[in-house]
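See below for input.cif, which holds mmCIF, C-alpha atoms; chains and numbers go by the auth columns.
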data_model
#
loop_
_atom_site.group_PDB
_atom_site.id
_atom_site.type_symbol
_atom_site.label_atom_id
_atom_site.label_comp_id
_atom_site.label_asym_id
_atom_site.label_seq_id
_atom_site.Cartn_x
_atom_site.Cartn_y
_atom_site.Cartn_z
_atom_site.B_iso_or_equiv
_atom_site.auth_seq_id
_atom_site.auth_asym_id
ATOM 1 C CA MET A 1 -4.359 14.259 -14.814 0.00 1181 A
ATOM 2 C CA LYS A 2 -6.269 14.305 -18.068 0.00 1182 A
ATOM 3 C CA PRO A 3 -9.180 11.829 -18.228 0.00 1183 A
ATOM 4 C CA ILE A 4 -8.171 8.855 -20.349 0.00 1184 A
ATOM 5 C CA LYS A 5 -9.940 5.933 -21.960 0.00 1185 A
ATOM 6 C CA VAL A 6 -8.000 2.666 -21.961 0.00 1186 A
ATOM 7 C CA LYS A 7 -8.999 -0.040 -24.403 0.00 1187 A
ATOM 8 C CA LEU A 8 -8.474 -3.539 -23.060 0.00 1188 A
ATOM 9 C CA SER A 9 -8.762 -6.906 -24.722 0.00 1189 A
ATOM 10 C CA LEU A 10 -11.900 -8.476 -23.288 0.00 1190 A
ATOM 11 C CA PRO A 11 -10.844 -12.105 -23.999 0.00 1191 A
ATOM 12 C CA VAL A 12 -7.521 -11.500 -22.232 0.00 1192 A
ATOM 13 C CA VAL A 13 -8.671 -9.371 -19.293 0.00 1193 A
ATOM 14 C CA GLY A 14 -12.032 -11.100 -18.691 0.00 1194 A
ATOM 15 C CA PRO A 15 -10.579 -14.317 -17.199 0.00 1195 A
ATOM 16 C CA LEU A 16 -8.125 -12.294 -15.088 0.00 1196 A
ATOM 17 C CA LEU A 17 -11.028 -10.387 -13.572 0.00 1197 A
ATOM 18 C CA ASP A 18 -12.442 -13.612 -12.145 0.00 1198 A
ATOM 19 C CA VAL A 19 -9.226 -14.122 -10.175 0.00 1199 A
ATOM 20 C CA ILE A 20 -9.043 -10.468 -9.155 0.00 1200 A
ATOM 21 C CA LYS A 21 -12.692 -10.380 -8.032 0.00 1201 A
ATOM 22 C CA GLY A 22 -12.137 -13.502 -5.946 0.00 1202 A
ATOM 23 C CA LEU A 23 -9.225 -11.839 -4.182 0.00 1203 A
ATOM 24 C CA ALA A 24 -11.133 -8.574 -3.828 0.00 1204 A
ATOM 25 C CA ASP A 25 -13.830 -10.433 -1.868 0.00 1205 A
ATOM 26 C CA GLY A 26 -11.172 -11.592 0.585 0.00 1206 A
ATOM 27 C CA LEU A 27 -9.822 -8.060 0.896 0.00 1207 A
ATOM 28 C CA GLN A 28 -13.202 -6.880 2.225 0.00 1208 A
ATOM 29 C CA SER A 29 -12.380 -8.405 5.596 0.00 1209 A
ATOM 30 C CA ALA A 30 -8.589 -8.542 5.750 0.00 1210 A
ATOM 31 C CA PRO A 31 -5.866 -6.024 4.996 0.00 1211 A
ATOM 32 C CA ALA A 32 -3.483 -6.749 2.113 0.00 1212 A
ATOM 33 C CA LEU A 33 -0.573 -6.268 4.508 0.00 1213 A
ATOM 34 C CA PRO A 34 -0.468 -7.276 8.160 0.00 1214 A
ATOM 35 C CA HIS A 35 -0.315 -3.680 9.368 0.00 1215 A
ATOM 36 C CA ALA A 36 1.617 -3.118 12.540 0.00 1216 A
ATOM 37 C CA ALA A 37 0.055 -0.281 14.475 0.00 1217 A
ATOM 38 C CA PRO A 38 2.705 1.529 16.504 0.00 1218 A
ATOM 39 C CA ALA A 39 2.493 0.506 20.192 0.00 1219 A
ATOM 40 C CA LEU A 40 -1.006 1.800 20.787 0.00 1220 A
ATOM 41 C CA GLU A 41 -3.627 0.862 23.338 0.00 1221 A
ATOM 42 C CA ALA A 42 -5.823 -1.998 22.159 0.00 1222 A
ATOM 43 C CA GLU A 43 -8.774 0.313 21.458 0.00 1223 A
ATOM 44 C CA PHE A 44 -6.707 2.603 19.198 0.00 1224 A
ATOM 45 C CA SER A 45 -5.003 -0.342 17.559 0.00 1225 A
ATOM 46 C CA GLU A 46 -8.428 -1.692 16.551 0.00 1226 A
ATOM 47 C CA MET A 47 -9.435 1.727 15.235 0.00 1227 A
ATOM 48 C CA TRP A 48 -6.180 1.921 13.247 0.00 1228 A
ATOM 49 C CA ALA A 49 -6.801 -1.472 11.632 0.00 1229 A
ATOM 50 C CA GLY A 50 -10.507 -0.732 11.052 0.00 1230 A
ATOM 51 C CA ASP A 51 -9.809 2.606 9.356 0.00 1231 A
ATOM 52 C CA LEU A 52 -7.166 1.014 7.117 0.00 1232 A
ATOM 53 C CA LEU A 53 -9.557 -1.751 6.118 0.00 1233 A
ATOM 54 C CA ALA A 54 -12.341 0.753 5.362 0.00 1234 A
ATOM 55 C CA ALA A 55 -9.976 2.777 3.161 0.00 1235 A
ATOM 56 C CA GLN A 56 -8.840 -0.396 1.389 0.00 1236 A
ATOM 57 C CA ASN A 57 -12.469 -1.377 0.745 0.00 1237 A
ATOM 58 C CA ARG A 58 -13.248 2.023 -0.787 0.00 1238 A
ATOM 59 C CA ASP A 59 -10.219 1.702 -3.089 0.00 1239 A
ATOM 60 C CA VAL A 60 -11.067 -1.848 -4.159 0.00 1240 A
ATOM 61 C CA ASP A 61 -14.694 -0.842 -4.836 0.00 1241 A
ATOM 62 C CA THR A 62 -13.456 2.029 -7.026 0.00 1242 A
ATOM 63 C CA PHE A 63 -11.220 -0.400 -8.917 0.00 1243 A
ATOM 64 C CA LEU A 64 -13.997 -2.955 -9.445 0.00 1244 A
ATOM 65 C CA ALA A 65 -16.347 -0.207 -10.637 0.00 1245 A
ATOM 66 C CA LEU A 66 -14.065 0.155 -13.696 0.00 1246 A
ATOM 67 C CA PHE A 67 -15.232 -3.228 -14.889 0.00 1247 A
ATOM 68 C CA GLY A 68 -18.960 -2.687 -15.089 0.00 1248 A
ATOM 69 C CA GLU A 69 -21.357 -2.944 -18.038 0.00 1249 A
ATOM 70 C CA GLU A 70 -19.450 -0.325 -20.029 0.00 1250 A
ATOM 71 C CA PHE A 71 -16.286 -2.391 -19.917 0.00 1251 A
ATOM 72 C CA PHE A 72 -18.083 -5.507 -21.134 0.00 1252 A
ATOM 73 C CA SER A 73 -19.832 -3.619 -23.942 0.00 1253 A
ATOM 74 C CA GLU A 74 -16.983 -1.309 -25.057 0.00 1254 A
ATOM 75 C CA GLY A 75 -13.898 -3.120 -23.735 0.00 1255 A
ATOM 76 C CA ALA A 76 -12.697 0.159 -22.269 0.00 1256 A
ATOM 77 C CA VAL A 77 -12.066 1.625 -18.827 0.00 1257 A
ATOM 78 C CA TYR A 78 -12.020 5.314 -17.905 0.00 1258 A
ATOM 79 C CA LEU A 79 -9.392 6.844 -15.638 0.00 1259 A
ATOM 80 C CA ASN A 80 -9.514 10.349 -14.230 0.00 1260 A
ATOM 81 C CA ASN A 81 -8.502 12.473 -11.242 0.00 1261 A
ATOM 82 C CA GLY A 82 -11.414 11.132 -9.252 0.00 1262 A
ATOM 83 C CA ASN A 83 -10.465 7.464 -9.414 0.00 1263 A
ATOM 84 C CA ALA A 84 -6.753 7.258 -10.332 0.00 1264 A
ATOM 85 C CA GLU A 85 -5.196 7.244 -6.859 0.00 1265 A
ATOM 86 C CA ALA A 86 -7.737 4.810 -5.442 0.00 1266 A
ATOM 87 C CA ILE A 87 -7.153 2.456 -8.382 0.00 1267 A
ATOM 88 C CA VAL A 88 -3.377 2.579 -8.122 0.00 1268 A
ATOM 89 C CA ARG A 89 -3.651 1.730 -4.387 0.00 1269 A
ATOM 90 C CA ALA A 90 -6.174 -1.046 -5.048 0.00 1270 A
ATOM 91 C CA CYS A 91 -3.808 -2.562 -7.633 0.00 1271 A
ATOM 92 C CA SER A 92 -1.115 -2.609 -4.962 0.00 1272 A
ATOM 93 C CA ALA A 93 -3.458 -4.327 -2.472 0.00 1273 A
ATOM 94 C CA VAL A 94 -4.477 -7.016 -4.971 0.00 1274 A
ATOM 95 C CA ARG A 95 -0.853 -7.581 -6.080 0.00 1275 A
ATOM 96 C CA LEU A 96 0.194 -8.087 -2.448 0.00 1276 A
ATOM 97 C CA CYS A 97 -2.661 -10.533 -2.057 0.00 1277 A
ATOM 98 C CA LEU A 98 -1.688 -12.399 -5.257 0.00 1278 A
ATOM 99 C CA ARG A 99 1.833 -12.837 -3.942 0.00 1279 A
ATOM 100 C CA GLU A 100 0.547 -14.131 -0.621 0.00 1280 A
ATOM 101 C CA ARG A 101 -2.049 -16.512 -2.070 0.00 1281 A
ATOM 102 C CA PHE A 102 -0.665 -17.722 -5.396 0.00 1282 A
ATOM 103 C CA LEU A 103 2.905 -16.660 -6.024 0.00 1283 A
ATOM 104 C CA GLN A 104 4.805 -18.028 -3.026 0.00 1284 A
ATOM 105 C CA SER A 105 6.328 -20.739 -5.215 0.00 1285 A
ATOM 106 C CA VAL A 106 7.771 -18.140 -7.580 0.00 1286 A
ATOM 107 C CA GLY A 107 9.946 -16.623 -4.878 0.00 1287 A
ATOM 108 C CA ASP A 108 10.428 -12.992 -3.930 0.00 1288 A
ATOM 109 C CA GLU A 109 13.682 -12.523 -5.805 0.00 1289 A
ATOM 110 C CA ALA A 110 12.143 -13.639 -9.109 0.00 1290 A
ATOM 111 C CA LEU A 111 9.021 -11.612 -8.384 0.00 1291 A
ATOM 112 C CA GLU A 112 11.062 -8.474 -7.768 0.00 1292 A
ATOM 113 C CA SER A 113 13.274 -8.900 -10.831 0.00 1293 A
ATOM 114 C CA GLY A 114 10.428 -10.114 -13.059 0.00 1294 A
ATOM 115 C CA ASP A 115 12.768 -12.812 -14.339 0.00 1295 A
ATOM 116 C CA ILE A 116 10.206 -15.596 -14.560 0.00 1296 A
ATOM 117 C CA GLU A 117 9.758 -18.303 -17.180 0.00 1297 A
ATOM 118 C CA MET A 118 6.021 -18.393 -17.717 0.00 1298 A
ATOM 119 C CA ALA A 119 6.178 -21.777 -19.464 0.00 1299 A
ATOM 120 C CA ARG A 120 7.440 -23.399 -16.255 0.00 1300 A
ATOM 121 C CA LEU A 121 4.518 -22.211 -14.142 0.00 1301 A
ATOM 122 C CA ASP A 122 1.463 -24.374 -13.533 0.00 1302 A
ATOM 123 C CA ASP A 123 -1.870 -22.996 -14.782 0.00 1303 A
ATOM 124 C CA PRO A 124 -3.172 -21.323 -11.579 0.00 1304 A
ATOM 125 C CA THR A 125 0.227 -19.740 -10.903 0.00 1305 A
ATOM 126 C CA ARG A 126 0.526 -18.555 -14.512 0.00 1306 A
ATOM 127 C CA GLN A 127 -2.919 -16.964 -14.382 0.00 1307 A
ATOM 128 C CA ALA A 128 -2.102 -15.300 -11.044 0.00 1308 A
ATOM 129 C CA PHE A 129 1.146 -13.992 -12.510 0.00 1309 A
ATOM 130 C CA MET A 130 -0.744 -12.631 -15.538 0.00 1310 A
ATOM 131 C CA CYS A 131 -3.030 -10.747 -13.111 0.00 1311 A
ATOM 132 C CA TYR A 132 0.030 -9.502 -11.265 0.00 1312 A
ATOM 133 C CA LEU A 133 1.488 -8.141 -14.528 0.00 1313 A
ATOM 134 C CA PHE A 134 -1.832 -6.682 -15.680 0.00 1314 A
ATOM 135 C CA LEU A 135 -2.234 -4.742 -12.426 0.00 1315 A
ATOM 136 C CA ALA A 136 1.366 -3.502 -12.642 0.00 1316 A
ATOM 137 C CA THR A 137 0.666 -2.259 -16.170 0.00 1317 A
ATOM 138 C CA MET A 138 -2.422 -0.408 -14.930 0.00 1318 A
ATOM 139 C CA GLN A 139 -0.328 1.152 -12.175 0.00 1319 A
ATOM 140 C CA GLU A 140 2.430 2.220 -14.551 0.00 1320 A
ATOM 141 C CA LEU A 141 -0.091 3.781 -16.892 0.00 1321 A
ATOM 142 C CA ILE A 142 -1.734 5.765 -14.102 0.00 1322 A
ATOM 143 C CA ILE A 143 1.581 6.825 -12.521 0.00 1323 A
ATOM 144 C CA GLN A 144 2.762 8.091 -15.897 0.00 1324 A
ATOM 145 C CA GLN A 145 -0.443 10.147 -16.247 0.00 1325 A
ATOM 146 C CA LEU A 146 -0.239 11.499 -12.699 0.00 1326 A
ATOM 147 C CA ASP A 147 3.362 12.592 -13.315 0.00 1327 A
ATOM 148 C CA GLU A 148 2.464 14.622 -16.402 0.00 1328 A
ATOM 149 C CA MET B 1 -11.235 13.071 51.111 0.00 1244 B
ATOM 150 C CA ALA B 2 -9.722 10.125 49.293 0.00 1245 B
ATOM 151 C CA GLN B 3 -7.718 10.869 46.184 0.00 1246 B
ATOM 152 C CA SER B 4 -8.986 9.584 42.895 0.00 1247 B
ATOM 153 C CA LYS B 5 -7.240 6.408 41.764 0.00 1248 B
ATOM 154 C CA THR B 6 -6.808 7.923 38.343 0.00 1249 B
ATOM 155 C CA HIS B 7 -4.439 10.649 39.531 0.00 1250 B
ATOM 156 C CA THR B 8 -1.066 10.305 37.876 0.00 1251 B
ATOM 157 C CA LEU B 9 2.165 10.701 39.791 0.00 1252 B
ATOM 158 C CA PRO B 10 4.230 13.680 38.576 0.00 1253 B
ATOM 159 C CA GLU B 11 7.184 11.473 37.534 0.00 1254 B
ATOM 160 C CA LYS B 12 4.868 9.260 35.465 0.00 1255 B
ATOM 161 C CA ARG B 13 3.283 12.306 33.841 0.00 1256 B
ATOM 162 C CA THR B 14 6.696 13.635 32.891 0.00 1257 B
ATOM 163 C CA ALA B 15 7.757 10.296 31.444 0.00 1258 B
ATOM 164 C CA ALA B 16 4.549 10.029 29.418 0.00 1259 B
ATOM 165 C CA ALA B 17 4.933 13.576 28.143 0.00 1260 B
ATOM 166 C CA LEU B 18 8.520 12.911 27.114 0.00 1261 B
ATOM 167 C CA GLU B 19 7.482 9.752 25.341 0.00 1262 B
ATOM 168 C CA LEU B 20 4.896 11.714 23.375 0.00 1263 B
ATOM 169 C CA GLN B 21 7.236 14.611 22.729 0.00 1264 B
ATOM 170 C CA GLY B 22 10.334 12.542 21.882 0.00 1265 B
ATOM 171 C CA LEU B 23 11.418 12.040 18.319 0.00 1266 B
ATOM 172 C CA TRP B 24 10.051 9.182 16.272 0.00 1267 B
ATOM 173 C CA ARG B 25 11.305 7.841 12.965 0.00 1268 B
ATOM 174 C CA VAL B 26 8.971 6.768 10.186 0.00 1269 B
ATOM 175 C CA VAL B 27 10.726 3.846 8.493 0.00 1270 B
ATOM 176 C CA VAL B 28 9.641 2.262 5.208 0.00 1271 B
ATOM 177 C CA LEU B 29 10.755 -1.343 4.655 0.00 1272 B
ATOM 178 C CA ASN B 30 11.377 -3.079 1.337 0.00 1273 B
ATOM 179 C CA ASP B 31 8.816 -5.398 -0.211 0.00 1274 B
ATOM 180 C CA PRO B 32 9.137 -7.393 -3.429 0.00 1275 B
ATOM 181 C CA VAL B 33 5.743 -6.345 -4.797 0.00 1276 B
ATOM 182 C CA ASN B 34 5.384 -2.577 -5.043 0.00 1277 B
ATOM 183 C CA LEU B 35 6.866 -1.002 -8.163 0.00 1278 B
ATOM 184 C CA MET B 36 9.734 1.450 -7.831 0.00 1279 B
ATOM 185 C CA SER B 37 7.694 4.075 -9.683 0.00 1280 B
ATOM 186 C CA TYR B 38 4.806 3.464 -7.263 0.00 1281 B
ATOM 187 C CA VAL B 39 7.007 3.990 -4.206 0.00 1282 B
ATOM 188 C CA VAL B 40 8.374 7.222 -5.719 0.00 1283 B
ATOM 189 C CA LEU B 41 4.800 8.404 -6.358 0.00 1284 B
ATOM 190 C CA VAL B 42 3.778 7.624 -2.766 0.00 1285 B
ATOM 191 C CA PHE B 43 6.727 9.531 -1.289 0.00 1286 B
ATOM 192 C CA LYS B 44 5.958 12.535 -3.488 0.00 1287 B
ATOM 193 C CA LYS B 45 2.247 12.458 -2.571 0.00 1288 B
ATOM 194 C CA VAL B 46 2.621 11.835 1.151 0.00 1289 B
ATOM 195 C CA PHE B 47 5.661 13.972 1.995 0.00 1290 B
ATOM 196 C CA GLY B 48 5.700 16.425 -0.903 0.00 1291 B
ATOM 197 C CA PHE B 49 9.208 15.261 -1.832 0.00 1292 B
ATOM 198 C CA ASP B 50 10.633 16.376 -5.152 0.00 1293 B
ATOM 199 C CA GLU B 51 11.459 13.673 -7.698 0.00 1294 B
ATOM 200 C CA SER B 52 15.133 13.272 -6.711 0.00 1295 B
ATOM 201 C CA THR B 53 14.450 13.087 -2.946 0.00 1296 B
ATOM 202 C CA ALA B 54 11.656 10.583 -3.518 0.00 1297 B
ATOM 203 C CA ARG B 55 13.939 8.476 -5.755 0.00 1298 B
ATOM 204 C CA LYS B 56 16.767 8.635 -3.199 0.00 1299 B
ATOM 205 C CA HIS B 57 14.512 7.225 -0.462 0.00 1300 B
ATOM 206 C CA MET B 58 13.029 4.629 -2.834 0.00 1301 B
ATOM 207 C CA LEU B 59 16.519 3.396 -3.779 0.00 1302 B
ATOM 208 C CA GLU B 60 17.503 3.280 -0.111 0.00 1303 B
ATOM 209 C CA VAL B 61 14.476 1.069 0.587 0.00 1304 B
ATOM 210 C CA HIS B 62 15.286 -1.114 -2.423 0.00 1305 B
ATOM 211 C CA GLU B 63 19.025 -1.489 -1.822 0.00 1306 B
ATOM 212 C CA ARG B 64 19.328 -1.319 1.975 0.00 1307 B
ATOM 213 C CA GLY B 65 15.928 -2.729 2.876 0.00 1308 B
ATOM 214 C CA ARG B 66 14.775 0.382 4.762 0.00 1309 B
ATOM 215 C CA SER B 67 14.705 4.143 4.674 0.00 1310 B
ATOM 216 C CA VAL B 68 13.930 6.707 7.351 0.00 1311 B
ATOM 217 C CA VAL B 69 11.531 8.967 5.502 0.00 1312 B
ATOM 218 C CA TRP B 70 10.548 11.316 8.303 0.00 1313 B
ATOM 219 C CA CYS B 71 11.526 12.084 11.888 0.00 1314 B
ATOM 220 C CA GLY B 72 9.585 14.174 14.398 0.00 1315 B
ATOM 221 C CA LEU B 73 6.907 14.188 17.071 0.00 1316 B
ATOM 222 C CA ARG B 74 4.975 11.002 17.635 0.00 1317 B
ATOM 223 C CA GLU B 75 1.510 12.231 16.709 0.00 1318 B
ATOM 224 C CA LYS B 76 2.610 13.374 13.261 0.00 1319 B
ATOM 225 C CA ALA B 77 4.799 10.282 12.823 0.00 1320 B
ATOM 226 C CA GLU B 78 1.722 8.120 13.479 0.00 1321 B
ATOM 227 C CA ALA B 79 -0.273 10.074 10.922 0.00 1322 B
ATOM 228 C CA TYR B 80 2.437 9.534 8.294 0.00 1323 B
ATOM 229 C CA ALA B 81 2.726 5.824 9.156 0.00 1324 B
ATOM 230 C CA PHE B 82 -1.044 5.456 8.789 0.00 1325 B
ATOM 231 C CA THR B 83 -1.054 7.180 5.403 0.00 1326 B
ATOM 232 C CA LEU B 84 1.867 5.078 4.133 0.00 1327 B
ATOM 233 C CA GLN B 85 0.073 1.922 5.267 0.00 1328 B
ATOM 234 C CA GLN B 86 -3.018 3.107 3.387 0.00 1329 B
ATOM 235 C CA TRP B 87 -0.760 3.092 0.326 0.00 1330 B
ATOM 236 C CA HIS B 88 0.324 -0.470 1.279 0.00 1331 B
ATOM 237 C CA LEU B 89 3.937 0.337 2.061 0.00 1332 B
ATOM 238 C CA THR B 90 5.393 -1.651 4.961 0.00 1333 B
ATOM 239 C CA THR B 91 5.972 1.040 7.560 0.00 1334 B
ATOM 240 C CA VAL B 92 7.133 0.997 11.153 0.00 1335 B
ATOM 241 C CA LEU B 93 7.715 3.667 13.778 0.00 1336 B
ATOM 242 C CA GLU B 94 10.911 3.700 15.801 0.00 1337 B
ATOM 243 C CA SER B 95 11.701 5.812 18.806 0.00 1338 B
ATOM 244 C CA ASP B 96 14.795 7.908 18.212 0.00 1339 B
ATOM 245 C CA GLU B 97 16.031 6.826 21.649 0.00 1340 B
ATOM 246 C CA ALA B 98 16.473 3.306 20.303 0.00 1341 B
ATOM 247 C CA HIS B 99 19.389 4.534 18.135 0.00 1342 B
#

Would it be possible to restate this file's structure as structure tokens?
Amino acid sequence: MKPIKVKLSLPVVGPLLDVIKGLADGLQSAPALPHAAPALEAEFSEMWAGDLLAAQNRDVDTFLALFGEEFFSEGAVYLNNGNAEAIVRACSAVRLCLRERFLQSVGDEALESGDIEMARLDDPTRQAFMCYLFLATMQELIIQQLDE
Amino acid sequence: MAQSKTHTLPEKRTAAALELQGLWRVVVLNDPVNLMSYVVLVFKKVFGFDESTARKHMLEVHERGRSVVWCGLREKAEAYAFTLQQWHLTTVLESDEAH
């Protein structure tokens, strides 16, 4: 994929990052999905889970690295072959976590269809849903670039 | 001389070998979070599927709740399951004998 620069609105994305960073901290020690290792001996099962968690941590670190000093000075993030796949996976991990932690009240059917009335959501749920949409937009952008 | 306790009986060895050599299905289950385009991307990346095969499996997951995306020897099935879980797709392994 060609390297791309994505301009983001700092006042819009800034507050979402606080929520995302909070979730990212939790993802350091727990997988986004309760992974079921195929009937393995306990030792291998632990290795399976540990390796998945390590990979998830690398992806989330790559994602968070997008929002360093450059982002806060320029309001832009840079995507390229070196970080795109890790970021798209990290977005998936954080979205799964958002659903688990904040979006249970929305319901899976509404979440899947996207048919949600924002005005009816309370503030924390609305902010979580905004994060959920922001991460989906990032994913769609990257997927489009990877497909070209 | 006493035999080592770790020696395996021939029947047990055969059963274990068959279990390892038998066919295993890699099954992806639906989730309400991952985007359709994301699931298509993952199938293309992990299995090298072309666009239409990847879309077919994605739609199967979406509409029927599950899709068998690969079938073969256990070791490789485990490797695929691990990679799909790295991409945060809900994945299970099923022995072909169960069907």

Could you tell me how far CA of Leu1266 in chain B lies from CA of Asp1339 in chain B, in Å and to one decimal?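 It comes out at 5.3 Å.
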
Could you state the separation of CA of Phe1286 in chain B and CA of Asp1241 in chain A in Å, given to one decimal place?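 Rounded to one decimal, the two atoms are 24.1 Å apart.
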
I need the residue nearest Ala1273 in chain A from this list: A:Leu1291, A:Leu1213, A:Val1193, A:Ala1222. Use all atoms listed in the file for the distance.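 Residue with the minimum atom-to-atom distance to Ala1273 in chain A: A:Leu1213.
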
Once the PyMOL selection byres ((chain B) within 12 of (chain A)) has been evaluated on this model, what residues remain selected, and can you format them as a VMD selection string? chain B and resid 1262 to 1263 1267 to 1270 1273 to 1285 1287 to 1288 1293 to 1294 1305 1317 to 1318 1320 to 1338

Atom pair CA of Ala1245 in chain A / CA of Phe1290 in chain B: separation (Å):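 So the answer is 29.1 Å.
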
Counting only C-alpha atoms, which of A:Phe1314, A:Gly1202, A:Gln1325, A:Leu1188 gets nearest to Glu1250 in chain A?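 For Glu1250 in chain A, the nearest of the candidates is A:Leu1188.
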
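Selection check: the PyMOL selection byres ((chain A and resi 1181) around 8) on the shown file gives A:Lys1182, A:Pro1183, A:Asn1260, A:Asn1261, A:Gln1325, A:Leu1326, A:Glu1328.
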
Residues proximal to (-17.0, -5.3, -13.1) were defined as those with any atom within 12 Å of that point in the file's coordinates, counting only C-alpha atoms. Which are they, as a PDB file with C-alpha atoms, in the coordinates of the input?
ATOM      1  CA  LEU A1190     -11.900  -8.476 -23.288  1.00  0.00           C
ATOM      2  CA  VAL A1193      -8.671  -9.371 -19.293  1.00  0.00           C
ATOM      3  CA  GLY A1194     -12.032 -11.100 -18.691  1.00  0.00           C
ATOM      4  CA  PRO A1195     -10.579 -14.317 -17.199  1.00  0.00           C
ATOM      5  CA  LEU A1196      -8.125 -12.294 -15.088  1.00  0.00           C
ATOM      6  CA  LEU A1197     -11.028 -10.387 -13.572  1.00  0.00           C
ATOM      7  CA  ASP A1198     -12.442 -13.612 -12.145  1.00  0.00           C
ATOM      8  CA  ILE A1200      -9.043 -10.468  -9.155  1.00  0.00           C
ATOM      9  CA  LYS A1201     -12.692 -10.380  -8.032  1.00  0.00           C
ATOM     10  CA  GLY A1202     -12.137 -13.502  -5.946  1.00  0.00           C
ATOM     11  CA  ALA A1204     -11.133  -8.574  -3.828  1.00  0.00           C
ATOM     12  CA  VAL A1240     -11.067  -1.848  -4.159  1.00  0.00           C
ATOM     13  CA  ASP A1241     -14.694  -0.842  -4.836  1.00  0.00           C
ATOM     14  CA  THR A1242     -13.456   2.029  -7.026  1.00  0.00           C
ATOM     15  CA  PHE A1243     -11.220  -0.400  -8.917  1.00  0.00           C
ATOM     16  CA  LEU A1244     -13.997  -2.955  -9.445  1.00  0.00           C
ATOM     17  CA  ALA A1245     -16.347  -0.207 -10.637  1.00  0.00           C
ATOM     18  CA  LEU A1246     -14.065   0.155 -13.696  1.00  0.00           C
ATOM     19  CA  PHE A1247     -15.232  -3.228 -14.889  1.00  0.00           C
ATOM     20  CA  GLY A1248     -18.960  -2.687 -15.089  1.00  0.00           C
ATOM     21  CA  GLU A1249     -21.357  -2.944 -18.038  1.00  0.00           C
ATOM     22  CA  GLU A1250     -19.450  -0.325 -20.029  1.00  0.00           C
ATOM     23  CA  PHE A1251     -16.286  -2.391 -19.917  1.00  0.00           C
ATOM     24  CA  PHE A1252     -18.083  -5.507 -21.134  1.00  0.00           C
ATOM     25  CA  SER A1253     -19.832  -3.619 -23.942  1.00  0.00           C
ATOM     26  CA  GLY A1255     -13.898  -3.120 -23.735  1.00  0.00           C
ATOM     27  CA  ALA A1256     -12.697   0.159 -22.269  1.00  0.00           C
ATOM     28  CA  VAL A1257     -12.066   1.625 -18.827  1.00  0.00           C
TER      29      VAL A1257
END

Edge lengths and centre in Å, axis-aligned, range 1253-1262 of chain A plus 6 Å each side, as lines of an AutoDock Vina configuration file:
center_x = -14.2
center_y = 4.4
center_z = -17.2
size_x = 23.3
size_y = 28.1
size_z = 27.8
